[in-house]
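Asker: Below is my_file-v3.cif; it holds mmCIF, C-alpha atoms.
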data_coords
#
loop_
_atom_site.label_atom_id
_atom_site.label_comp_id
_atom_site.auth_asym_id
_atom_site.auth_seq_id
_atom_site.Cartn_x
_atom_site.Cartn_y
_atom_site.Cartn_z
CA MET G 1 72.79 -37.28 -60.71
CA LEU G 2 74.86 -38.03 -63.78
CA SER G 3 75.11 -35.61 -66.64
CA THR G 4 74.74 -36.79 -70.20
CA ASP G 5 77.83 -34.71 -71.03
CA GLY G 6 80.06 -37.07 -69.08
CA PRO G 7 82.89 -36.20 -66.70
CA LEU G 8 85.51 -35.07 -69.25
CA LEU G 9 83.37 -32.32 -70.72
CA ILE G 10 82.13 -31.34 -67.26
CA ALA G 11 85.77 -30.87 -66.13
CA LEU G 12 86.58 -28.75 -69.20
CA ASP G 13 83.42 -26.65 -68.82
CA THR G 14 84.16 -26.09 -65.14
CA ALA G 15 87.78 -25.12 -65.82
CA ARG G 16 86.57 -22.70 -68.53
CA ARG G 17 84.11 -21.01 -66.16
CA MET G 18 86.74 -20.82 -63.43
CA LEU G 19 89.33 -19.19 -65.71
CA ALA G 20 86.72 -16.68 -66.89
CA ALA G 21 85.95 -15.89 -63.22
CA CYS G 22 89.60 -15.14 -62.38
CA ASP G 23 90.05 -11.46 -61.72
CA GLN G 24 93.31 -11.37 -63.70
CA TRP G 25 91.80 -13.11 -66.74
CA SER G 26 88.84 -10.75 -66.69
CA ALA G 27 91.21 -7.76 -66.56
CA ILE G 28 93.29 -8.88 -69.54
CA ALA G 29 90.54 -10.50 -71.62
CA GLY G 30 87.73 -7.98 -71.50
CA GLY G 31 85.51 -8.52 -68.48
CA GLU G 32 82.15 -10.14 -69.26
CA ALA G 33 83.29 -11.28 -72.72
CA SER G 34 86.38 -13.00 -71.30
CA ILE G 35 84.78 -16.47 -71.51
CA ASP G 36 84.49 -16.01 -75.29
CA ARG G 37 88.31 -15.98 -75.45
CA ILE G 38 88.58 -19.45 -73.91
CA HIS G 39 88.38 -22.26 -76.47
CA TYR G 40 88.60 -26.04 -76.49
CA ASP G 41 91.44 -27.65 -78.43
CA ALA G 42 92.26 -24.84 -80.91
CA LEU G 43 91.27 -21.40 -82.08
CA PRO G 44 88.27 -21.15 -84.40
CA PRO G 45 89.32 -20.74 -88.05
CA PRO G 46 90.14 -17.19 -89.11
CA SER G 47 87.85 -15.24 -91.36
CA PRO G 48 89.07 -14.79 -93.97
CA GLY G 49 91.39 -17.78 -93.82
CA PRO G 50 92.87 -20.20 -94.24
CA HIS G 51 95.63 -19.00 -91.85
CA TYR G 52 95.72 -16.25 -89.26
CA THR G 53 97.50 -13.09 -90.38
CA ARG G 54 99.65 -11.05 -88.02
CA SER G 55 96.87 -8.53 -87.40
CA GLN G 56 94.31 -11.30 -86.84
CA MET G 57 96.57 -13.03 -84.28
CA ILE G 58 97.16 -9.79 -82.41
CA ALA G 59 93.39 -9.13 -82.38
CA VAL G 60 92.47 -12.65 -81.19
CA ARG G 61 94.83 -12.43 -78.20
CA PRO G 62 94.52 -12.87 -75.32
CA PHE G 63 93.12 -16.36 -75.62
CA ALA G 64 93.21 -19.66 -73.76
CA LEU G 65 92.97 -23.19 -75.11
CA LEU G 66 91.76 -26.01 -72.87
CA TRP G 67 92.03 -29.76 -73.31
CA SER G 68 92.21 -32.92 -71.22
CA ASP G 69 95.82 -33.99 -70.75
CA THR G 70 96.74 -36.75 -73.18
CA ALA G 71 98.61 -38.70 -70.47
CA ALA G 72 96.28 -38.29 -67.49
CA GLY G 73 93.10 -36.59 -68.64
CA TYR G 74 90.69 -38.59 -66.52
CA GLN G 75 90.65 -41.47 -64.06
CA ILE G 76 87.77 -43.07 -62.18
CA ASP G 77 88.00 -45.66 -59.41
CA SER G 78 86.13 -46.86 -56.39
CA GLY G 79 87.44 -47.45 -52.91
CA THR G 80 84.64 -49.92 -52.19
CA THR G 81 82.80 -52.66 -54.01
CA THR G 82 80.02 -50.23 -54.91
CA ALA G 83 80.53 -47.69 -57.64
CA ASP G 84 77.83 -45.27 -56.48
CA SER G 85 80.33 -42.61 -55.40
CA PRO G 86 83.47 -43.14 -57.47
CA ASN G 87 86.68 -41.24 -56.94
CA GLN G 88 87.42 -39.11 -59.99
CA SER G 89 90.54 -37.24 -60.98
CA GLY G 90 92.19 -35.78 -64.02
CA ARG G 91 94.29 -33.06 -65.49
CA VAL G 92 93.14 -30.15 -67.64
CA ILE G 93 95.75 -28.26 -69.64
CA CYS G 94 95.23 -24.54 -70.05
CA GLN G 95 97.46 -22.90 -72.67
CA ILE G 96 97.35 -19.12 -72.62
CA GLU G 97 98.70 -16.71 -75.21
CA LEU G 98 99.03 -12.98 -74.51
CA ASN G 99 100.30 -10.03 -76.53
CA VAL G 100 103.39 -8.44 -74.99
CA PRO G 101 102.52 -4.85 -74.02
CA ALA G 102 104.28 -2.42 -76.37
CA GLU G 103 105.76 -0.50 -73.43
CA HIS G 104 107.66 -3.64 -72.34
CA ALA G 105 108.69 -4.96 -75.77
CA THR G 106 112.31 -3.75 -75.69
CA LYS G 107 112.83 -4.37 -71.96
CA PRO G 108 113.31 -8.08 -71.18
CA HIS G 109 113.20 -7.44 -67.41
CA ALA G 110 109.87 -5.63 -67.78
CA VAL G 111 108.47 -8.48 -69.92
CA ALA G 112 109.56 -11.06 -67.34
CA THR G 113 108.09 -9.05 -64.47
CA TRP G 114 104.79 -8.52 -66.29
CA ALA G 115 104.57 -12.17 -67.45
CA ASN G 116 105.33 -13.68 -64.05
CA ARG G 117 102.95 -11.31 -62.27
CA THR G 118 100.16 -12.11 -64.73
CA ILE G 119 100.72 -15.87 -64.55
CA GLY G 120 100.99 -15.77 -60.75
CA ARG G 121 97.74 -13.87 -60.40
CA LEU G 122 95.98 -16.38 -62.63
CA VAL G 123 97.20 -19.17 -60.37
CA ARG G 124 96.59 -17.68 -56.92
CA THR G 125 96.03 -14.32 -55.30
CA GLY G 126 94.91 -15.35 -51.83
CA SER G 127 92.12 -12.79 -52.14
CA PRO G 128 88.44 -13.75 -52.37
CA ALA G 129 87.81 -10.32 -53.91
CA ALA G 130 90.25 -10.94 -56.80
CA PRO G 131 90.59 -14.73 -57.04
CA GLY G 132 92.92 -16.90 -59.07
CA LEU G 133 92.24 -20.50 -60.08
CA TRP G 134 93.53 -21.94 -56.80
CA ASP G 135 91.34 -19.55 -54.80
CA LEU G 136 88.26 -20.45 -56.87
CA SER G 137 88.89 -24.20 -56.57
CA ARG G 138 87.76 -24.05 -52.94
CA ASN G 139 84.25 -22.89 -53.92
CA PRO G 140 81.31 -25.28 -54.36
CA GLY G 141 80.75 -26.20 -58.00
CA SER G 142 84.38 -25.56 -58.91
CA LEU G 143 86.91 -28.04 -60.18
CA PRO G 144 88.55 -29.49 -57.03
CA ILE G 145 92.12 -28.54 -57.94
CA ARG G 146 94.78 -30.21 -55.81
CA GLN G 147 97.82 -29.03 -57.79
CA ILE G 148 98.67 -26.47 -60.47
CA ASP G 149 101.83 -26.86 -62.54
CA VAL G 150 103.10 -23.76 -64.28
CA ALA G 151 105.24 -24.25 -67.38
CA ALA G 152 107.69 -21.43 -67.96
CA TYR G 153 106.47 -18.92 -70.49
CA GLU G 154 107.96 -18.71 -73.95
CA ARG G 155 108.18 -15.53 -75.96
CA THR G 156 107.83 -15.41 -79.71
CA THR G 157 111.13 -15.27 -81.57
CA THR G 158 112.05 -12.24 -83.65
CA LYS G 159 110.82 -13.99 -86.82
CA GLU G 160 107.61 -15.15 -85.13
CA SER G 161 107.04 -11.59 -83.88
CA ILE G 162 107.24 -10.30 -87.44
CA ASP G 163 104.81 -12.96 -88.68
CA LEU G 164 102.42 -13.26 -85.69
CA GLY G 165 103.12 -10.40 -83.30
CA ASP G 166 105.08 -10.24 -80.05
CA ALA G 167 103.51 -12.64 -77.55
CA ILE G 168 104.10 -14.98 -74.66
CA ILE G 169 102.69 -18.49 -74.36
CA PHE G 170 102.48 -20.61 -71.23
CA GLU G 171 100.64 -23.63 -69.90
CA LEU G 172 98.96 -24.40 -66.64
CA ALA G 173 98.27 -28.03 -65.76
CA LEU G 174 95.27 -28.19 -63.44
CA HIS G 175 95.34 -31.46 -61.48
CA TRP G 176 91.94 -32.12 -59.94
CA SER G 177 90.58 -34.86 -57.75
CA THR G 178 87.46 -35.73 -55.76
CA LYS G 179 89.54 -37.94 -53.42
#
Rewrite the structure of this file - the entire thing - as structure tokens.

Answerer:
Amino acid sequence: MLSTDGPLLIALDTARRMLAACDQWSAIAGGEASIDRIHYDALPPPSPGPHYTRSQMIAVRPFALLWSDTAAGYQIDSGTTTADSPNQSGRVICQIELNVPAEHATKPHAVATWANRTIGRLVRTGSPAAPGLWDLSRNPGSLPIRQIDVAAYERTTTKESIDLGDAIIFELALHWSTK
């Protein structure tokens, strides 16, 4: 049965639910409310606005932004002359921004260890009890992920830290396919 939402929104909604179900995301984003920290396209406007202040940015983190990749967001094709069961694929981008823990702020090695551990656990744990995105993609109703690309994290510069707080930002490209 087709949904009136269409396949692009279904992919985004599924990716959002999957990220919220990741054990690591739940741990860093507040458990049950963790889905409320996952947004499409951009953060909601600050209140008061018009721009986020340093304290508002620190408070809104951690957050994730999801969108369909501008180069390969969605493809549909058919291997036969009938289009009843088309092959579908696409790529969802998941940009995540996290505050750097104060205890690591002056220790680059500690920041790198924490960041890579956090990112890695979001991608894959190998544990059904504490799943990452890859682990969840094998479950019915999940986005059928066939590849996850991890972009290296970036840390805010000294000036950005003064204006917006000390944070890391990274992207995950979730390649999915029904083929």

Asker: Expressed in Å to a single decimal, how great is the separation between atom CA of G:Leu98 and atom CA of G:Val60?

Answerer: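 For atom CA of G:Leu98 relative to atom CA of G:Val60, the distance reads 9.4 Å.
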
Asker: Evaluate the PyMOL selection byres ((chain G and resi 123-131) around 9) on the structure here and hand back the selected residues as an mmCIF file with C-alpha atoms, in the frame of the given file.

Answerer:
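To be explicit, this is the file written out as part.cif:
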data_model
loop_
_atom_site.group_PDB
_atom_site.id
_atom_site.type_symbol
_atom_site.label_atom_id
_atom_site.label_comp_id
_atom_site.auth_asym_id
_atom_site.auth_seq_id
_atom_site.Cartn_x
_atom_site.Cartn_y
_atom_site.Cartn_z
ATOM 1 C CA ALA G 21 85.950 -15.890 -63.220
ATOM 2 C CA CYS G 22 89.600 -15.140 -62.380
ATOM 3 C CA ASP G 23 90.050 -11.460 -61.720
ATOM 4 C CA GLN G 24 93.310 -11.370 -63.700
ATOM 5 C CA THR G 118 100.160 -12.110 -64.730
ATOM 6 C CA ILE G 119 100.720 -15.870 -64.550
ATOM 7 C CA GLY G 120 100.990 -15.770 -60.750
ATOM 8 C CA ARG G 121 97.740 -13.870 -60.400
ATOM 9 C CA LEU G 122 95.980 -16.380 -62.630
ATOM 10 C CA GLY G 132 92.920 -16.900 -59.070
ATOM 11 C CA LEU G 133 92.240 -20.500 -60.080
ATOM 12 C CA TRP G 134 93.530 -21.940 -56.800
ATOM 13 C CA ASP G 135 91.340 -19.550 -54.800
ATOM 14 C CA LEU G 136 88.260 -20.450 -56.870
ATOM 15 C CA ILE G 148 98.670 -26.470 -60.470
ATOM 16 C CA VAL G 150 103.100 -23.760 -64.280
ATOM 17 C CA LEU G 172 98.960 -24.400 -66.640
#

Asker: Which residue, G:Gly165, G:Gly31, G:Pro48, G:Pro144, has the smallest gap to G:Gln88 when you use all atoms listed in the file?

Answerer: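 Under the stated criterion, the closest residue is G:Pro144.
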
Asker: Just so the selection is clear, what residues does the PyMOL selection byres ((chain G and resi 29) around 12) cover here, as a PyMOL selection string?

Answerer: chain G and resi 19-28+30-38+59-64+96-99+118

Asker: For the file shown, what are the residues hit by the PyMOL selection byres ((chain G and resi 54) around 12), laid out as a list in words?

Answerer: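 When the PyMOL selection byres ((chain G and resi 54) around 12) is applied, the selected residues are Pro46, His51, Tyr52, Thr53, Ser55, Gln56, Met57, Ile58, Ala59, Val60, Arg61, Asn99, Lys159, Glu160, Ser161, Ile162, Asp163, Leu164, Gly165, Asp166 and Ala167 of chain G.
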
Asker: Which is closest to G:Ile10 among G:Ser47, G:Ser137, G:Thr157, G:Ser68, if we use only C-alpha atoms?

Answerer: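 Result for the nearest residue to G:Ile10: G:Ser68.
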
Asker: Could you state the separation of atom CA of G:His39 and atom CA of G:Val92 in Å, given to one decimal place?

Answerer: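 Separating atom CA of G:His39 from atom CA of G:Val92 is a distance of 12.8 Å.
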
Asker: As an exercise, work out the distance from atom CA of G:Ile93 to atom CA of G:Glu171 in Å and give it to one decimal place.

Answerer: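 For atom CA of G:Ile93 relative to atom CA of G:Glu171, the distance reads 6.7 Å.
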
Asker: When you look at G:Asn87 with a cut-off of 12 Å (counting only C-alpha atoms), what residues show up, excluding the ones that are within fewer than 4 positions of it in the same chain? I need them as a list in words.

Answerer: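 With the cut-off at 12 Å, the set is Pro7, Tyr74, Gln75, Ile76, Asp77, Ser78, Gly79, Thr80, Thr82, Ala83, Pro144, Trp176, Ser177, Thr178 and Lys179 of chain G.
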